[in-house]
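Q: This structure is in structure tokens; I'll ask about it shortly.
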Amino acid sequence: APVAKAAIDLIRNTPSVNISFHIDADNDILYLVKADGSKVVINTDVPSFNAMLSPDGTKVAFNQLDDIYIVNIDGSGKRLLTRGFNPQWVNDGQLVYELTTDDGHVYTSGELYMINANGSSLKQLTFTTDKIEMNPAVSPDGSKVVFTSVTDGQIYIADLK
């Protein structure tokens with residue numbers, strides 16, 4: 001399922017880019033799979049998951065354990081961006097992500113944040129004590145974010161400013 005979702009997201013988000021990528025199901029290594037089927041290793045440090053291609057098709061944001069990294073699609077330039085989960089590109093220069101905490105059994109808090117791809121201008125987007133915001137998804141035009149709350153099971157939509 002993660003492989004299919006990544007491929008669908010890639011096709012939906014970058015129609016002019018003739019590539020696809022997936023996370024190898026055997027050992028969570030991140031590959032760029034080109035249209036001809038050849039593979040380029042993007043990240044060998046495991047586990048790699050929640051991979052999202054930038055709108056311009058030049059970078060991939062992904063999780064490695066509890067951290068978000070960005071890497072060029074040829075595997076060069078890997079850098080730690082921040083602690084968090086489920087990075088989603090707003091545009092080529094910004095990402096929205098969730099930062100959650102847990103007690104080892106259940107989530108205890110969760111908020112959404114936005115950060116520039118270079119690591120600057122961290123901005124907290126949600127400020128709640130009665131909800132645990134997770135699973136952000138950004139609209140194609142980058143103007144809205146949809147997310148869920150674990151505490152009430154609801155789906156929310158908000159303007160990105």
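Following the order of the structure tokens, first chain is A, next is B, and so on, with residues numbered from 1 inside each chain and ligands from 1 in the order they appear.
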Near Phe49 in chain A, counting only C-alpha atoms, which residues have an atom at most 7 Å away, once you skip same-chain residues fewer than 3 positions from it, shown as a list in words?
A: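 Everything that qualifies: Ile23, Asp28, Phe62, Asn63 and Gln64 of chain A.
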Q: Using DSSP secondary structure from the backbone, list all helix (DSSP H, G or I) positions within chain A, as a PDB file with N, CA and C atoms, in the first residue's frame.
A:
ATOM      1  N   PRO A   2       1.949   1.385   0.823  1.00  0.00           N
ATOM      2  CA  PRO A   2       2.745   2.605   0.777  1.00  0.00           C
ATOM      3  C   PRO A   2       3.356   2.841  -0.610  1.00  0.00           C
ATOM      4  N   VAL A   3       3.756   1.759  -1.294  1.00  0.00           N
ATOM      5  CA  VAL A   3       4.347   1.910  -2.615  1.00  0.00           C
ATOM      6  C   VAL A   3       3.320   2.474  -3.586  1.00  0.00           C
ATOM      7  N   ALA A   4       2.119   1.916  -3.597  1.00  0.00           N
ATOM      8  CA  ALA A   4       1.067   2.397  -4.488  1.00  0.00           C
ATOM      9  C   ALA A   4       0.715   3.842  -4.182  1.00  0.00           C
ATOM     10  N   LYS A   5       0.602   4.190  -2.902  1.00  0.00           N
ATOM     11  CA  LYS A   5       0.260   5.561  -2.525  1.00  0.00           C
ATOM     12  C   LYS A   5       1.335   6.528  -2.998  1.00  0.00           C
ATOM     13  N   ALA A   6       2.604   6.173  -2.815  1.00  0.00           N
ATOM     14  CA  ALA A   6       3.695   7.047  -3.247  1.00  0.00           C
ATOM     15  C   ALA A   6       3.652   7.251  -4.756  1.00  0.00           C
ATOM     16  N   ALA A   7       3.403   6.192  -5.513  1.00  0.00           N
ATOM     17  CA  ALA A   7       3.344   6.308  -6.963  1.00  0.00           C
ATOM     18  C   ALA A   7       2.164   7.167  -7.394  1.00  0.00           C
ATOM     19  N   ILE A   8       1.010   6.982  -6.769  1.00  0.00           N
ATOM     20  CA  ILE A   8      -0.172   7.784  -7.100  1.00  0.00           C
ATOM     21  C   ILE A   8       0.067   9.243  -6.762  1.00  0.00           C
ATOM     22  N   ASP A   9       0.633   9.511  -5.582  1.00  0.00           N
ATOM     23  CA  ASP A   9       0.920  10.889  -5.186  1.00  0.00           C
ATOM     24  C   ASP A   9       1.886  11.531  -6.167  1.00  0.00           C
ATOM     25  N   LEU A  10       2.885  10.773  -6.592  1.00  0.00           N
ATOM     26  CA  LEU A  10       3.874  11.325  -7.506  1.00  0.00           C
ATOM     27  C   LEU A  10       3.222  11.691  -8.833  1.00  0.00           C
ATOM     28  N   ILE A  11       2.428  10.798  -9.385  1.00  0.00           N
ATOM     29  CA  ILE A  11       1.768  11.060 -10.655  1.00  0.00           C
ATOM     30  C   ILE A  11       0.828  12.245 -10.535  1.00  0.00           C
ATOM     31  N   ARG A  12       0.081  12.302  -9.452  1.00  0.00           N
ATOM     32  CA  ARG A  12      -0.882  13.380  -9.242  1.00  0.00           C
ATOM     33  C   ARG A  12      -0.182  14.716  -9.063  1.00  0.00           C
ATOM     34  N   ASN A  13       0.937  14.735  -8.352  1.00  0.00           N
ATOM     35  CA  ASN A  13       1.587  15.996  -8.009  1.00  0.00           C
ATOM     36  C   ASN A  13       2.569  16.500  -9.060  1.00  0.00           C
TER      37      ASN A  13
END
Q: Set the distance at 7 Å and use only C-alpha atoms: which residues neighbour range 116-124 of chain A once local chain neighbours fewer than 3 positions away are removed? I'd like the list as a PyMOL selection string.
A: chain A and resi 81+93-95+112-113
Q: Please list as a list of chain:residue names every residue within 8 Å of Ser54 in chain A, counting only C-alpha atoms and excluding residues in the same chain fewer than 6 positions away.
A: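 Everything that qualifies: A:Val60, A:Ala61, A:Trp89, A:Asn91, A:Asp92.
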Q: Restrict the selected residues to N, CA, C and O atoms and save them as a compact mmCIF listing (two decimals), in the first residue's frame.
A:
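Result file follows (out04.txt):
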# COMPACT_ATOMS: atom_id res chain seq x y z
N VAL A 60 13.24 15.24 -2.55
CA VAL A 60 12.33 14.36 -1.83
C VAL A 60 12.45 14.68 -0.35
O VAL A 60 13.56 14.77 0.19
N ALA A 61 11.30 14.89 0.29
CA ALA A 61 11.26 15.02 1.75
C ALA A 61 10.76 13.69 2.27
O ALA A 61 9.88 13.07 1.67
N TRP A 89 4.76 18.89 0.83
CA TRP A 89 5.22 20.11 0.17
C TRP A 89 4.06 21.08 -0.01
O TRP A 89 3.00 20.68 -0.47
N ASN A 91 4.93 24.16 -1.56
CA ASN A 91 5.48 24.61 -2.84
C ASN A 91 6.91 24.09 -2.86
O ASN A 91 7.27 23.27 -2.01
N ASP A 92 7.74 24.52 -3.79
CA ASP A 92 9.11 23.99 -3.86
C ASP A 92 9.97 24.42 -2.68
O ASP A 92 11.04 23.85 -2.48
Q: Please, which residues of range 30-130 of chain A, numbered as in this document, come out strand (DSSP E) from DSSP, as a ChimeraX atom specification?
A: /A:30-34,39-43,48-53,59-64,67-72,79-83,85-91,94-102,107-116,123-124
Q: What's the 8 Å shell around Val90 in chain A, counting only C-alpha atoms, without same-chain residues fewer than 4 positions away, as a list of chain:residue names?
A: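 These residues fall inside the cut-off: A:Gln94, A:Leu95, A:Val96, A:Val138, A:Ser139, A:Asp141, A:Gly142.
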Q: Could you pull the residues within 6 Å of Glu111 in chain A, counting only C-alpha atoms, minus those fewer than 6 positions along the same chain, as a list in words?
A: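 Here the answer would be Glu98, Leu99, Thr126 and Glu133 of chain A.
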Q: Keeping only C-alpha atoms, write those residues as a short mmCIF file (atom, residue, chain, number, x, y, z; two decimals), in the first residue's frame.
A:
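Now in again-v4.cif:
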data_model
loop_
_atom_site.label_atom_id
_atom_site.label_comp_id
_atom_site.auth_asym_id
_atom_site.auth_seq_id
_atom_site.Cartn_x
_atom_site.Cartn_y
_atom_site.Cartn_z
CA GLU A 98 3.05 17.06 12.08
CA LEU A 99 4.91 16.85 15.36
CA THR A 126 -2.21 24.69 15.15
CA GLU A 133 -3.64 17.08 14.70
#
Q: Would you mind listing what lies within 10 Å of Thr108 in chain A as a ChimeraX atom specification, with only C-alpha atoms counted and same-chain residues fewer than 6 positions away left out?
A: /A:100-102,129,131-132,150-151
Q: For the residues selected in the previous step, produce a file with N, CA and C atoms as a PDB file, in the first residue's frame.
A:
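And here is the file that came out, part_12.pdb:
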ATOM      1  N   THR A 100       4.209  14.992  16.704  1.00  0.00           N
ATOM      2  CA  THR A 100       3.401  14.294  17.697  1.00  0.00           C
ATOM      3  C   THR A 100       4.285  13.756  18.809  1.00  0.00           C
ATOM      4  N   THR A 101       3.657  13.535  19.953  1.00  0.00           N
ATOM      5  CA  THR A 101       4.316  12.848  21.062  1.00  0.00           C
ATOM      6  C   THR A 101       3.400  11.715  21.510  1.00  0.00           C
ATOM      7  N   ASP A 102       3.996  10.740  22.153  1.00  0.00           N
ATOM      8  CA  ASP A 102       3.207   9.616  22.660  1.00  0.00           C
ATOM      9  C   ASP A 102       3.835   9.121  23.949  1.00  0.00           C
ATOM     10  N   THR A 129      -5.313  22.171  22.686  1.00  0.00           N
ATOM     11  CA  THR A 129      -5.071  21.263  23.808  1.00  0.00           C
ATOM     12  C   THR A 129      -6.066  20.110  23.806  1.00  0.00           C
ATOM     13  N   LYS A 131      -7.217  18.593  20.828  1.00  0.00           N
ATOM     14  CA  LYS A 131      -7.107  17.822  19.598  1.00  0.00           C
ATOM     15  C   LYS A 131      -5.660  17.389  19.381  1.00  0.00           C
ATOM     16  N   ILE A 132      -5.502  16.305  18.653  1.00  0.00           N
ATOM     17  CA  ILE A 132      -4.177  15.838  18.253  1.00  0.00           C
ATOM     18  C   ILE A 132      -4.166  15.833  16.730  1.00  0.00           C
ATOM     19  N   VAL A 150      -6.850  12.895  15.929  1.00  0.00           N
ATOM     20  CA  VAL A 150      -6.956  11.561  16.530  1.00  0.00           C
ATOM     21  C   VAL A 150      -7.969  11.558  17.663  1.00  0.00           C
ATOM     22  N   THR A 151      -8.100  12.668  18.350  1.00  0.00           N
ATOM     23  CA  THR A 151      -8.971  12.708  19.530  1.00  0.00           C
ATOM     24  C   THR A 151     -10.447  12.625  19.192  1.00  0.00           C
TER      25      THR A 151
END
